[in-house]
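J.: Take a look at the following structure, please.
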Amino acid sequence: MLSLMRRGRRAFASILALSVVALSTAMASPVFAAGKTITAVMHSDLRIIDPIFTTAYITRDHGYMVYDTLIATDANFKIQPQMADWKISDDKLTYTFTLRDGLKWHDGTPVTAEDCVASLKRWAAVDGMGQQMMQFTASIEATDPKTITLKLKEPYGLVLESIGKPSSRVAFMMPKRLAETPPDKQIPEQIGSGPFKFVQGEFQPGVKAVYVKNTDYVPRKEPVSWTAGGKVVKVDRVEWITMPDSQTAVNALQSGDIDFMENPPWDLLPVLEGNPDLKVETLNKFGFQTLGRMNFLHPPFDNPKIRRAALLATSQKDVLDALVGNPKYYKVCGAFFICDTPFATDVGSETLVKGNGMAEAKKALAESGYDGTPVVIMAPGDVTTLKAQPIVAAQQLREAGFKVDLQATDWQTVVSRRASQKSPKEGGWNMFFTNWVSADVSNPIANLSIGGQGKKGGWFGWAEDAKIEKLKDDFVRAASLDDQKKIATEIQKEAYDQVIYIPLGQYLAPSAWRKSLTGVLDGPATPVFWNVDKSE
């Protein structure tokens with residue numbers, strides 16, 4: 001463990017040095033001096049920049065800077081026009097989307113319906129809600145340069161909610177030549193029609209990402225609300241600076257060297273709240289669910305009995321105490337679909353929420369046939385909201401009798417490596433941890449990691465469970481909310497029985513920024529940087 005900590009400190013020190021160089025360069029650049037620049041430290045370094053290739057939120061955030069959506073969700077959970085308006089036929093089988101005038105890609109070419117059809121197909125191939133929608137879809141076609149026509153085989157009530165959902169994966173529109181890239185390969189360039197342009201020449205993974213105002217972007221006239229409405233850009237440039245050491249980022253925020261910090265550590269919030277130049281606020285008021293995901297393809301977690309032993313060894317409160325510490329910002333919750341929602345239930349969660357399953361875990365592991373195969377856990381040290389979970393889980397698994405190989409890494413390495421289906425000996429993995437925006441997992445269709453599609457089309461870990469897939473189909477066909485609640489309960493029971501993943505509770509993550517910034521927006525896909533102004 002000491003050698004692990006020393007390696008982590010050395011890695012942080014080298015990355016921190018790059019961060020300081022990047023920040024100094026940004027402060028000295030002519031572009032910075034000539035216009036308004038927001039300098040932000042986000043929750044993670046940005047490396048993967050294709051928002052369809054991964055569900056990582058930093059890549060989603062990048063997507064909102066560069067790309068736009070056909071429709072969007074407002075603060076009342078209503079779907080609103082964004083790039084397009086729509087009509088629905090009386091029989092509920094045909095959805096017609098009409099692009100608004102003046103839409104241009106960043107290379108100056110016009111946005112066409114063909115571009116959007118290709119974008120929808122690429123998104124729907126890998127997104128859980130998109131995949132479900134496509135099972136009901138007969139065709140999606142460009143019927144003229146500005147019209148996208150989606151025809152269903154039978155009515156499906158979640159078409160608009162799927163295409164307009166605010167978080168991962170988002171149905172971002174891109175040119176056809178890029179959207180025709182297979183979804184398991186990354187697009188070769190960043191050309192969107194969104195409010196900012198990505199500055200490829202200044203992109204330094206591990207150091208900074210730079211965006212400039214898209215002067216050709218024409219915002220909608222409606223008031224801004226979550227990801228809907230007028231995306232008015234009020235600054236010239238936004239720079240995301242990588243600072244993996246939280247204390248350094250907090251110091252930079254207090255000194256005015258940066259303007260915005262997405263995830264300051266919870267234990268430093270009182271310090272920031274006491275600074276009269278700073279504002280501290282929770283932008284995503286629905287919070288997050290944190291979870292552990294096992295790899296179903298390789299030993300030992302290809303064995304459901306061994307997965308069950310790992311679940312029994314887990315205590316949510318231990319994880320949340322280490323992650324957050326302050327109960328004001330966390331909630332022990334065994335509901336896969338988020339506590340205090342229509343589909344919340346505690347079925348199957350007893351030992352997880354009470355933390356009293358260790359004796360049963362030891363017994364279950366001894367009877368499972370476990371042969372001592374090491375559990376390779378990826379442990380990112382550069383993201384405040386992901387540091388604690390693998391360390392606590394490793395301790396709990398060891399206590400239950402597992403051999404654990406805790407491998408220190410950064411989050412973007414996890415994001416890349418978790419896509420590999422290779423065995424752990426070949427560079428694969430057995431377990432990783434992540435967080436979902438609560439809105440992304442609040443029902444069985446939106447919750448991407450509850451699926452059972454296996455190696456083809458499934459989320460990282462590749463759980464295969466035909467019963468869950470059948471229940472999800474029943475859910476979308478259910479005639480009433482009461483019927484949906486019953487089905488959601490059955491899905492949760494199966495998910496706990498098979499240990500599809502381990503929900504580790506819910507938490508809130510406040511952001512902090514200098515009061516020279518105004519117009520910072522809230523919502524489930526924050527932060528976004530349109531509507532934000534900066535005083536001199």
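Labeling convention for the structure tokens: chains A, B, ... as they appear, residues from 1 per chain, ligands from 1 in order of appearance.
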Give me, as a PyMOL selection string, all polymer residues having an atom no more than 9 Å from Val415 of chain A, counting only C-alpha atoms and skipping those fewer than 5 positions away in the same chain.
T.: chain A and resi 48+54-56+410
J.: Could those selected residues go to a file with N, CA and C atoms, as a compact mmCIF listing (two decimals), in the first residue's frame?
T.:
```
# COMPACT_ATOMS: atom_id res chain seq x y z
N ILE A 48 -10.73 10.99 -23.91
CA ILE A 48 -11.61 10.49 -24.97
C ILE A 48 -12.58 11.61 -25.33
N THR A 54 -18.09 6.69 -25.39
CA THR A 54 -18.02 6.41 -23.96
C THR A 54 -19.16 7.09 -23.22
N THR A 55 -19.49 6.56 -22.04
CA THR A 55 -20.49 7.19 -21.18
C THR A 55 -19.85 8.13 -20.16
N ALA A 56 -18.53 8.32 -20.20
CA ALA A 56 -17.84 9.16 -19.21
C ALA A 56 -18.41 10.57 -19.24
N ASP A 410 -5.22 6.51 -13.44
CA ASP A 410 -6.03 7.72 -13.48
C ASP A 410 -7.36 7.36 -14.14
```
J.: Please provide as a list in words all residues within 12 Å of Ser255 of chain A, with the sequence filter that same-chain residues fewer than 2 positions apart are discarded (counting only C-alpha atoms).
T.: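 Counting only the stated atoms, we get Thr248, Ala249, Val250, Asn251, Ala252, Leu253, Asp257, Ile258, Asp259, Phe260, Leu272, Asn275, Asp277, Leu278, Trp513 and Arg514 of chain A.
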J.: Could the residues in this selection be written to a file with C-alpha atoms, as a PDB file, in the first residue's frame?
T.:
```pdb
ATOM      1  CA  THR A 248      -3.727  22.832  -5.442  1.00  0.00           C
ATOM      2  CA  ALA A 249      -6.960  23.451  -7.347  1.00  0.00           C
ATOM      3  CA  VAL A 250      -8.638  24.878  -4.238  1.00  0.00           C
ATOM      4  CA  ASN A 251      -5.679  27.201  -3.709  1.00  0.00           C
ATOM      5  CA  ALA A 252      -5.833  28.299  -7.349  1.00  0.00           C
ATOM      6  CA  LEU A 253      -9.549  29.033  -7.028  1.00  0.00           C
ATOM      7  CA  ASP A 257      -5.837  31.747 -10.912  1.00  0.00           C
ATOM      8  CA  ILE A 258      -8.872  29.673 -11.929  1.00  0.00           C
ATOM      9  CA  ASP A 259     -12.533  30.680 -12.049  1.00  0.00           C
ATOM     10  CA  PHE A 260     -14.432  27.429 -11.518  1.00  0.00           C
ATOM     11  CA  LEU A 272     -14.510  27.763   0.367  1.00  0.00           C
ATOM     12  CA  ASN A 275     -14.336  32.977   1.274  1.00  0.00           C
ATOM     13  CA  ASP A 277     -15.135  35.980  -3.226  1.00  0.00           C
ATOM     14  CA  LEU A 278     -16.509  32.484  -3.877  1.00  0.00           C
ATOM     15  CA  TRP A 513     -16.664  29.393  -8.505  1.00  0.00           C
ATOM     16  CA  ARG A 514     -15.535  32.967  -8.179  1.00  0.00           C
TER      17      ARG A 514
END
```
J.: Got a sec to tell me which of segment 13-179 of chain A DSSP assigns to strand (DSSP E), as JSON, numbers by chain?
T.: {"A": [37, 38, 39, 40, 41, 68, 69, 71, 72, 73, 79, 80, 81, 84, 85, 86, 87, 88, 94, 95, 96, 97, 98, 99, 137, 138, 139, 140, 141, 142, 143, 144, 147, 148, 149, 150, 151, 152, 172, 173]}
J.: Between A:Ile306, A:Val332, A:Leu406, A:Val347, which one has atoms that come closest to Ser368 of chain A, using only C-alpha atoms?
T.: A:Ile306
J.: Within 9 Å of Val414 of chain A, counting only C-alpha atoms, which residues qualify if same-chain residues fewer than 6 places away don't, as a list in words?
T.: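 Everything that qualifies: Met378, Ala379, Pro380 and Phe432 of chain A.
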J.: Quick one: residues within 9 Å of Ile338 of chain A, only C-alpha atoms counted, chain neighbours fewer than 4 positions away excluded, as a PyMOL selection string?
T.: chain A and resi 289+333-334+342-345+438-439+441-443+505-506
J.: Where in segment 62-160 of chain A does DSSP assign helix (DSSP H, G or I), given as a tab-separated table (two decimals) with N, CA, C and O atoms, in the first residue's frame?
T.:
```tsv
chain	number	residue	atom	x	y	z
A	62	HIS	N	-17.81	17.65	-22.64
A	62	HIS	CA	-17.16	18.09	-23.88
A	62	HIS	C	-18.17	18.10	-25.02
A	62	HIS	O	-18.20	19.04	-25.84
A	63	GLY	N	-19.02	17.08	-25.06
A	63	GLY	CA	-20.02	17.01	-26.12
A	63	GLY	C	-20.94	18.21	-26.13
A	63	GLY	O	-21.27	18.76	-27.19
A	64	TYR	N	-21.38	18.64	-24.96
A	64	TYR	CA	-22.27	19.80	-24.89
A	64	TYR	C	-21.58	21.09	-25.33
A	64	TYR	O	-22.25	22.03	-25.77
A	65	MET	N	-20.27	21.17	-25.20
A	65	MET	CA	-19.56	22.34	-25.70
A	65	MET	C	-19.58	22.39	-27.23
A	65	MET	O	-19.83	23.44	-27.82
A	66	VAL	N	-19.36	21.23	-27.85
A	66	VAL	CA	-19.08	21.18	-29.28
A	66	VAL	C	-20.32	20.86	-30.12
A	66	VAL	O	-20.48	21.38	-31.23
A	113	ALA	N	-30.60	16.80	-42.85
A	113	ALA	CA	-31.33	15.70	-42.22
A	113	ALA	C	-30.55	14.39	-42.32
A	113	ALA	O	-30.60	13.56	-41.41
A	114	GLU	N	-29.82	14.21	-43.42
A	114	GLU	CA	-29.01	12.99	-43.57
A	114	GLU	C	-27.95	12.90	-42.47
A	114	GLU	O	-27.67	11.82	-41.95
A	115	ASP	N	-27.33	14.05	-42.12
A	115	ASP	CA	-26.38	14.07	-41.02
A	115	ASP	C	-27.04	13.58	-39.73
A	115	ASP	O	-26.47	12.78	-38.98
A	116	CYS	N	-28.24	14.08	-39.49
A	116	CYS	CA	-28.93	13.78	-38.23
A	116	CYS	C	-29.41	12.33	-38.18
A	116	CYS	O	-29.37	11.70	-37.12
A	117	VAL	N	-29.82	11.79	-39.30
A	117	VAL	CA	-30.22	10.38	-39.34
A	117	VAL	C	-29.02	9.49	-39.00
A	117	VAL	O	-29.12	8.56	-38.18
A	118	ALA	N	-27.87	9.78	-39.61
A	118	ALA	CA	-26.67	8.99	-39.32
A	118	ALA	C	-26.27	9.13	-37.85
A	118	ALA	O	-25.86	8.16	-37.22
A	119	SER	N	-26.43	10.33	-37.29
A	119	SER	CA	-26.09	10.56	-35.89
A	119	SER	C	-27.01	9.78	-34.96
A	119	SER	O	-26.57	9.19	-33.97
A	120	LEU	N	-28.30	9.79	-35.27
A	120	LEU	CA	-29.25	9.05	-34.44
A	120	LEU	C	-28.96	7.55	-34.47
A	120	LEU	O	-29.04	6.86	-33.45
A	121	LYS	N	-28.62	7.03	-35.64
A	121	LYS	CA	-28.35	5.60	-35.75
A	121	LYS	C	-27.09	5.21	-34.98
A	121	LYS	O	-27.05	4.17	-34.32
A	122	ARG	N	-26.07	6.06	-35.04
A	122	ARG	CA	-24.83	5.75	-34.30
A	122	ARG	C	-25.09	5.78	-32.79
A	122	ARG	O	-24.65	4.89	-32.06
A	123	TRP	N	-25.81	6.81	-32.35
A	123	TRP	CA	-26.14	6.91	-30.92
A	123	TRP	C	-26.99	5.72	-30.46
A	123	TRP	O	-26.71	5.11	-29.42
A	124	ALA	N	-28.02	5.38	-31.23
A	124	ALA	CA	-28.96	4.34	-30.82
A	124	ALA	C	-28.33	2.95	-30.80
A	124	ALA	O	-28.84	2.05	-30.14
A	128	GLY	N	-28.62	2.75	-24.11
A	128	GLY	CA	-29.67	1.85	-23.64
A	128	GLY	C	-31.06	2.28	-24.08
A	128	GLY	O	-31.85	1.46	-24.58
A	129	MET	N	-31.37	3.56	-23.91
A	129	MET	CA	-32.69	4.04	-24.33
A	129	MET	C	-32.82	4.02	-25.84
A	129	MET	O	-33.88	3.73	-26.40
A	130	GLY	N	-31.72	4.32	-26.52
A	130	GLY	CA	-31.73	4.27	-27.99
A	130	GLY	C	-31.94	2.86	-28.51
A	130	GLY	O	-32.69	2.64	-29.46
A	131	GLN	N	-31.28	1.90	-27.88
A	131	GLN	CA	-31.44	0.50	-28.30
A	131	GLN	C	-32.88	0.05	-28.12
A	131	GLN	O	-33.44	-0.63	-28.98
A	132	GLN	N	-33.48	0.43	-26.98
A	132	GLN	CA	-34.87	0.05	-26.73
A	132	GLN	C	-35.80	0.69	-27.75
A	132	GLN	O	-36.72	0.06	-28.27
A	133	MET	N	-35.55	1.96	-28.05
A	133	MET	CA	-36.37	2.66	-29.04
A	133	MET	C	-36.28	2.00	-30.42
A	133	MET	O	-37.29	1.86	-31.12
A	134	MET	N	-35.08	1.56	-30.77
A	134	MET	CA	-34.90	0.97	-32.10
A	134	MET	C	-35.63	-0.36	-32.25
A	134	MET	O	-35.95	-0.77	-33.37
A	135	GLN	N	-35.91	-1.03	-31.14
A	135	GLN	CA	-36.68	-2.27	-31.23
A	135	GLN	C	-38.11	-2.01	-31.70
A	135	GLN	O	-38.76	-2.90	-32.23
A	159	VAL	N	-40.06	7.93	-27.23
A	159	VAL	CA	-39.25	8.41	-28.36
A	159	VAL	C	-38.60	9.75	-28.03
A	159	VAL	O	-37.38	9.92	-28.13
A	160	LEU	N	-39.41	10.72	-27.66
A	160	LEU	CA	-38.88	12.06	-27.39
A	160	LEU	C	-37.97	12.05	-26.17
A	160	LEU	O	-36.91	12.70	-26.16
```
